[in-house]
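Data block for query28.cif (mmCIF, C-alpha atoms):
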data_start
#
loop_
_atom_site.label_atom_id
_atom_site.label_comp_id
_atom_site.auth_asym_id
_atom_site.auth_seq_id
_atom_site.Cartn_x
_atom_site.Cartn_y
_atom_site.Cartn_z
CA MET A 1 -20.70 -19.81 44.10
CA GLN A 2 -21.35 -20.05 40.36
CA HIS A 3 -23.67 -17.04 40.60
CA ILE A 4 -20.97 -15.00 42.37
CA PHE A 5 -18.35 -16.05 39.81
CA SER A 6 -20.65 -15.06 36.92
CA SER A 7 -21.31 -11.71 38.56
CA LEU A 8 -17.59 -11.04 38.92
CA ILE A 9 -17.01 -11.84 35.24
CA TRP A 10 -19.85 -9.51 34.25
CA ILE A 11 -18.41 -6.69 36.40
CA PHE A 12 -14.95 -7.22 34.87
CA LEU A 13 -16.27 -7.19 31.30
CA PHE A 14 -18.41 -4.14 31.98
CA GLY A 15 -15.42 -2.30 33.46
CA LEU A 16 -13.20 -3.31 30.55
CA GLN A 17 -15.78 -2.10 28.05
CA ALA A 18 -16.12 1.19 29.91
CA CYS A 19 -12.35 1.72 30.02
CA THR A 20 -11.75 0.85 26.37
CA GLY A 21 -14.81 2.84 25.38
CA ASN A 22 -13.57 5.89 27.26
CA LEU A 23 -10.12 5.55 25.69
CA TYR A 24 -11.63 5.14 22.24
CA ASN A 25 -13.87 8.16 22.74
CA GLN A 26 -10.95 10.20 24.06
CA LEU A 27 -8.75 9.32 21.09
CA SER A 28 -11.64 10.00 18.72
CA ASP A 29 -12.12 13.41 20.31
CA ILE A 30 -8.39 14.08 20.03
CA ALA A 31 -8.33 13.05 16.37
CA GLU A 32 -11.17 15.47 15.71
CA GLY A 33 -9.39 18.27 17.55
CA LYS A 34 -11.88 18.35 20.43
CA ASP A 35 -9.59 17.48 23.31
CA GLY A 36 -5.97 17.57 24.44
CA LYS A 37 -2.91 19.46 23.25
CA LEU A 38 -0.95 18.29 20.23
CA ILE A 39 2.83 18.03 19.99
CA PHE A 40 4.65 17.48 16.73
CA VAL A 41 8.23 17.39 15.49
CA THR A 42 9.08 19.66 12.57
CA LYS A 43 10.12 17.98 9.36
CA SER A 44 12.55 20.87 8.96
CA ASN A 45 16.05 20.10 10.20
CA LEU A 46 17.74 23.30 11.35
CA ASN A 47 21.07 24.57 12.63
CA GLY A 48 21.24 26.60 15.84
CA ASN A 49 20.69 29.97 14.17
CA LEU A 50 16.92 29.62 14.11
CA LEU A 51 16.40 33.27 13.24
CA ALA A 52 18.42 32.95 10.01
CA GLU A 53 16.95 29.52 9.21
CA ALA A 54 13.42 30.91 9.49
CA GLN A 55 14.23 33.93 7.35
CA ASN A 56 16.00 31.85 4.70
CA PHE A 57 13.49 29.02 4.28
CA PHE A 58 10.11 30.32 5.43
CA PRO A 59 8.91 33.44 3.55
CA GLN A 60 6.22 34.11 6.16
CA CYS A 61 8.97 34.50 8.79
CA SER A 62 11.14 36.97 6.86
CA GLY A 63 10.26 40.11 8.83
CA LEU A 64 10.96 38.78 12.31
CA SER A 65 13.73 40.13 14.55
CA PHE A 66 13.80 37.69 17.49
CA SER A 67 14.80 34.04 17.48
CA GLU A 68 11.95 32.98 19.79
CA GLN A 69 9.41 34.41 17.35
CA ALA A 70 11.25 32.79 14.45
CA ALA A 71 11.09 29.34 16.06
CA ASP A 72 7.36 29.77 16.70
CA CYS A 73 6.92 30.89 13.10
CA ILE A 74 8.57 27.69 11.82
CA CYS A 75 6.20 25.59 13.94
CA GLN A 76 3.21 27.59 12.77
CA ALA A 77 4.28 27.36 9.12
CA GLU A 78 4.39 23.56 9.26
CA ALA A 79 1.01 23.41 11.03
CA ASP A 80 -0.53 25.77 8.47
CA ALA A 81 0.89 23.70 5.61
CA ALA A 82 -0.75 20.49 6.88
CA GLY A 83 -3.61 19.00 4.91
CA SER A 84 -7.22 20.01 5.39
CA SER A 85 -7.79 16.92 7.55
CA PHE A 86 -5.36 18.23 10.20
CA PRO A 87 -7.57 18.57 13.31
CA LYS A 88 -5.73 21.59 14.71
CA LYS A 89 -5.98 23.77 11.62
CA GLY A 90 -5.97 27.47 12.46
CA LEU A 91 -4.72 27.08 16.05
CA LYS A 92 -1.47 28.52 17.43
CA PHE A 93 1.70 26.48 17.93
CA HIS A 94 4.91 27.34 19.75
CA ALA A 95 8.41 25.87 19.73
CA MET A 96 9.38 24.22 23.01
CA LEU A 97 12.58 26.21 23.55
CA PHE A 98 14.34 27.94 26.41
CA SER A 99 16.30 31.16 25.90
CA THR A 100 17.47 33.97 28.15
CA ALA A 101 14.49 36.03 26.98
CA ALA A 102 11.74 33.42 27.32
CA ASP A 103 10.98 30.57 29.71
CA LEU A 104 9.55 27.57 27.87
CA ARG A 105 6.60 27.39 30.29
CA CYS A 106 5.73 31.01 29.50
CA LYS A 107 6.41 30.65 25.82
CA ILE A 108 3.90 27.86 25.22
CA GLN A 109 1.26 30.07 26.82
CA GLY A 110 2.00 32.74 24.22
CA ILE A 111 4.04 34.88 26.64
CA ASP A 112 7.57 35.90 25.61
CA SER A 113 8.94 36.37 29.11
CA THR A 114 10.97 34.65 31.79
CA VAL A 115 8.23 35.27 34.36
CA CYS A 116 4.62 34.08 34.17
CA ASP A 117 2.02 32.27 36.24
CA PRO A 118 2.79 28.57 36.84
CA LEU A 119 1.54 26.38 34.02
CA GLN A 120 -1.07 23.96 35.31
CA SER A 121 -3.30 22.06 32.92
CA ASP A 122 -5.30 18.82 32.86
CA ASP A 123 -5.14 18.60 29.06
CA MET A 124 -3.70 15.34 27.79
CA ILE A 125 -0.61 15.73 25.61
CA TYR A 126 -0.61 13.60 22.47
CA GLY A 127 1.10 13.26 19.12
CA PHE A 128 1.20 11.21 15.97
CA PRO A 129 3.37 8.06 16.30
CA THR A 130 5.88 9.28 13.69
CA GLY A 131 6.32 12.58 15.53
CA PHE A 132 5.63 14.52 12.34
CA ILE A 133 2.18 15.82 11.39
CA ASP A 134 0.75 12.68 9.81
CA CYS A 135 -2.37 13.74 7.92
CA GLY A 136 -3.38 13.19 4.32
CA PRO A 137 -6.43 13.59 2.08
CA ASP A 138 -8.09 10.57 3.69
CA GLY A 139 -7.53 11.63 7.28
CA CYS A 140 -4.86 11.45 9.97
CA ALA A 141 -2.99 8.65 11.66
CA THR A 142 -4.38 7.59 15.03
CA PRO A 143 -2.87 9.81 17.73
CA VAL A 144 -1.09 8.37 20.75
CA PRO A 145 -1.21 9.80 24.29
CA LEU A 146 2.21 11.01 25.47
CA ALA A 147 1.45 12.33 28.95
CA LYS A 148 -1.56 12.95 31.16
CA ASN A 149 -0.65 16.63 31.36
CA ILE A 150 2.06 19.15 30.51
CA GLN A 151 3.47 19.00 34.05
CA ASP A 152 4.43 15.33 33.60
CA LEU A 153 5.89 15.97 30.16
CA LEU A 154 8.10 18.84 31.33
CA ALA A 155 9.29 16.80 34.32
CA GLY A 156 10.06 13.81 32.09
CA LYS A 157 7.95 11.41 34.13
CA ASN A 158 5.00 9.13 33.40
CA ILE A 159 5.54 9.53 29.66
CA LEU A 160 3.23 7.01 28.04
CA HIS A 161 4.60 6.73 24.52
CA SER A 162 7.59 7.69 22.42
CA LEU A 163 7.72 9.51 19.09
CA THR A 164 9.85 7.43 16.74
CA PHE A 165 10.37 9.88 13.91
CA ASP A 166 12.50 8.74 11.00
CA SER A 167 15.38 11.16 10.58
CA PRO A 168 19.18 10.86 10.59
CA ASP A 169 19.09 13.70 13.14
CA ASN A 170 16.48 12.22 15.47
CA ARG A 171 16.76 14.93 18.09
CA VAL A 172 15.25 18.34 18.78
CA TRP A 173 16.66 21.65 19.98
CA THR A 174 15.22 22.58 23.39
CA GLY A 175 17.80 24.35 25.57
CA ALA A 176 16.34 22.28 28.43
CA ASN A 177 17.71 19.98 31.09
CA GLY A 178 16.07 16.79 32.32
CA ASN A 179 14.04 18.64 34.96
CA GLY A 180 12.20 20.80 32.46
CA ASN A 181 14.30 23.89 33.20
CA SER A 182 16.76 25.90 31.16
CA SER A 183 20.18 24.33 30.70
CA GLY A 184 21.76 27.63 29.63
CA GLN A 185 22.94 26.02 26.39
CA ASN A 186 20.90 27.74 23.67
CA CYS A 187 23.17 28.54 20.70
CA ASN A 188 23.61 32.12 21.88
CA ASP A 189 19.84 32.52 22.17
CA TRP A 190 19.32 30.59 18.94
CA THR A 191 21.24 33.10 16.83
CA SER A 192 24.45 31.14 16.19
CA ASN A 193 25.39 28.37 13.78
CA GLN A 194 28.96 28.20 15.07
CA ALA A 195 30.50 25.09 16.61
CA THR A 196 31.89 27.23 19.45
CA PHE A 197 28.34 27.51 20.85
CA THR A 198 26.23 24.56 21.96
CA GLY A 199 22.52 23.84 22.32
CA SER A 200 20.83 21.28 24.56
CA LEU A 201 18.86 18.51 22.89
CA GLY A 202 15.72 16.51 23.55
CA PHE A 203 15.05 12.99 22.31
CA PRO A 204 11.30 12.44 21.84
CA TRP A 205 11.81 8.73 21.35
CA HIS A 206 12.68 8.53 25.07
CA THR A 207 9.99 7.95 27.69
CA ASN A 208 11.89 9.61 30.52
CA ALA A 209 13.57 12.94 31.27
CA GLY A 210 15.50 12.67 28.00
CA PHE A 211 12.29 13.41 26.09
CA LEU A 212 12.80 17.15 26.55
CA GLY A 213 16.40 17.41 27.66
CA GLY A 214 19.20 16.02 29.73
CA THR A 215 22.97 16.15 29.53
CA ASP A 216 23.19 15.97 25.74
CA ALA A 217 24.17 19.01 23.69
CA GLN A 218 25.77 19.59 20.32
CA GLY A 219 27.53 22.32 18.40
CA CYS A 220 25.23 24.89 16.86
CA ASP A 221 26.67 24.24 13.40
CA LEU A 222 24.88 20.87 13.48
CA SER A 223 21.20 20.26 12.81
CA ALA A 224 18.17 19.22 14.83
CA HIS A 225 14.41 19.48 14.58
CA LEU A 226 12.03 21.56 16.69
CA LEU A 227 9.38 20.27 19.07
CA CYS A 228 6.14 22.22 18.63
CA ILE A 229 3.13 22.30 20.92
CA GLU A 230 -0.34 23.77 20.72
CA GLU A 231 -0.74 26.94 22.78
CA PHE A 232 -2.20 26.65 26.28
#

Represent the structure of the file as structure tokens.
Amino acid sequence: MQHIFSSLIWIFLFGLQACTGNLYNQLSDIAEGKDGKLIFVTKSNLNGNLLAEAQNFFPQCSGLSFSEQAADCICQAEADAAGSSFPKKGLKFHAMLFSTAADLRCKIQGIDSTVCDPLQSDDMIYGFPTGFIDCGPDGCATPVPLAKNIQDLLAGKNILHSLTFDSPDNRVWTGANGNGNSSGQNCNDWTSNQATFTGSLGFPWHTNAGFLGGTDAQGCDLSAHLLCIEEF
């Protein structure tokens, strides 16, 4: 009996070591940019006219004509401005936004269209705990896994962690509902900063459907951040 009990303890400890080792290796790979897709929240806080906001505050976005491109440009500008330790330096990022011209699922594949092949990926989705890009001269904060894949994240299910970013406006523009589809509320395709138009919001500190969207919307004269994701 003692021999059996000892064997069971050994099996448990071996399994625990394997699991924690795999998790450690996975997070190490993520931190080094080897695995997974990164999400971050922009530090920029923007009204609903994303085209004008991009042109006014980001010189590299001044020549753009479409709001979807402008939102992507804002995400890319913040990624490019990150320190040299940022593991995703040089890769493409897109804003997680719906509009009448672009489906979010197409957009994050680099396709500005409402029609594209279904997005299926086994890449883990992860982010820095603060939501913002959290890298400095000495390295980056330890990333946290948010979802096993993009399908879970868009559906607002099995979300593993929340992003608790410190901002008075702790919400993001998405134009999405809680099912990962367009809500139809998109600040006139992200070209209006008028209170007469509304835009749907996501709350990345939620671990349910509210992460990307739900029933919450606000006037486009108000501000929110953007949620940016590495291209698939």

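Residues matched by the PyMOL selection byres ((chain A and resi 61-75) around 8) in this file are Thr42, Asn49, Leu50, Leu51, Ala54, Gln55, Asn56, Phe58, Pro59, Gln60, Gln76, Ala77, Glu78, Ala79, Phe93, His94, Ala95, Leu97, Ser99, Ala102, Asp112, Asp189, Trp190, Thr191, Leu226 and Cys228 of chain A.
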
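Picture a line from CA of Pro143 in chain A to CA of Asn208 in chain A; it runs 19.5 Å.
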
Name the residues that the PyMOL selection byres ((chain A and resi 166) around 12) pulls out of this structure, and write them as a VMD selection string. chain A and resid 41 to 43 45 129 to 132 163 to 165 167 to 171 204 to 205 225

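Closest approach to Ala195 in chain A among A:Ala52, A:Leu222, A:Ala209, A:Ala101 is made by A:Leu222 (distances from all atoms listed in the file).
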
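Straight-line separation from CA of Gln185 in chain A to CA of Val115 in chain A: 19.1 Å.
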
Thr215 in chain A: which residues within 8 Å, counting all atoms listed in the file, same-chain residues fewer than 3 positions away excluded, as JSON, numbers by chain? {"A": [177, 178, 200]}

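You will find CA of Gly136 in chain A at 27.8 Å from CA of Leu212 in chain A.
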
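For the choices A:Ala176, A:Ser182, A:Pro87, A:Met96, the atom-to-atom distance to Thr114 in chain A is smallest for A:Ser182 when using all atoms listed in the file.
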
Run the PyMOL selection byres ((chain A and resi 148-150) around 10) mentally over the shown coordinates, then write out the matched residues as a PDB file with C-alpha atoms, in the frame of the given file, using the chain letters and numbers from the document.
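Final output, part_19.pdb:
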ATOM      1  CA  GLY A  36      -5.970  17.570  24.440  1.00  0.00           C
ATOM      2  CA  LYS A  37      -2.910  19.460  23.250  1.00  0.00           C
ATOM      3  CA  ARG A 105       6.600  27.390  30.290  1.00  0.00           C
ATOM      4  CA  LEU A 119       1.540  26.380  34.020  1.00  0.00           C
ATOM      5  CA  GLN A 120      -1.070  23.960  35.310  1.00  0.00           C
ATOM      6  CA  SER A 121      -3.300  22.060  32.920  1.00  0.00           C
ATOM      7  CA  ASP A 122      -5.300  18.820  32.860  1.00  0.00           C
ATOM      8  CA  ASP A 123      -5.140  18.600  29.060  1.00  0.00           C
ATOM      9  CA  MET A 124      -3.700  15.340  27.790  1.00  0.00           C
ATOM     10  CA  ILE A 125      -0.610  15.730  25.610  1.00  0.00           C
ATOM     11  CA  TYR A 126      -0.610  13.600  22.470  1.00  0.00           C
ATOM     12  CA  PRO A 145      -1.210   9.800  24.290  1.00  0.00           C
ATOM     13  CA  LEU A 146       2.210  11.010  25.470  1.00  0.00           C
ATOM     14  CA  ALA A 147       1.450  12.330  28.950  1.00  0.00           C
ATOM     15  CA  GLN A 151       3.470  19.000  34.050  1.00  0.00           C
ATOM     16  CA  ASP A 152       4.430  15.330  33.600  1.00  0.00           C
ATOM     17  CA  LEU A 153       5.890  15.970  30.160  1.00  0.00           C
ATOM     18  CA  LEU A 154       8.100  18.840  31.330  1.00  0.00           C
ATOM     19  CA  ALA A 155       9.290  16.800  34.320  1.00  0.00           C
ATOM     20  CA  GLY A 156      10.060  13.810  32.090  1.00  0.00           C
ATOM     21  CA  ASN A 158       5.000   9.130  33.400  1.00  0.00           C
ATOM     22  CA  ILE A 159       5.540   9.530  29.660  1.00  0.00           C
ATOM     23  CA  LEU A 160       3.230   7.010  28.040  1.00  0.00           C
ATOM     24  CA  PHE A 232      -2.200  26.650  26.280  1.00  0.00           C
TER      25      PHE A 232
END

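Here the question is which of A:Ile108, A:Ala82, A:Leu38, A:Leu201 gets nearest to Cys135 in chain A using all atoms listed in the file, and that residue is A:Ala82.
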
How big is the axis-aligned box around all listed atoms of range 51-59 of chain A once 4 Å goes on each side, and where's its centre, in Å to one decimal, as JSON?
{"center_x": 13.7, "center_y": 31.5, "center_z": 8.4, "size_x": 17.5, "size_y": 12.9, "size_z": 17.7}

If we count all atoms listed in the file, what is near Cys187 in chain A at a cut-off of 7 Å, once residues fewer than 6 positions away on the same chain are taken out, given as number ranges by chain? A: 48, 197-199, 220
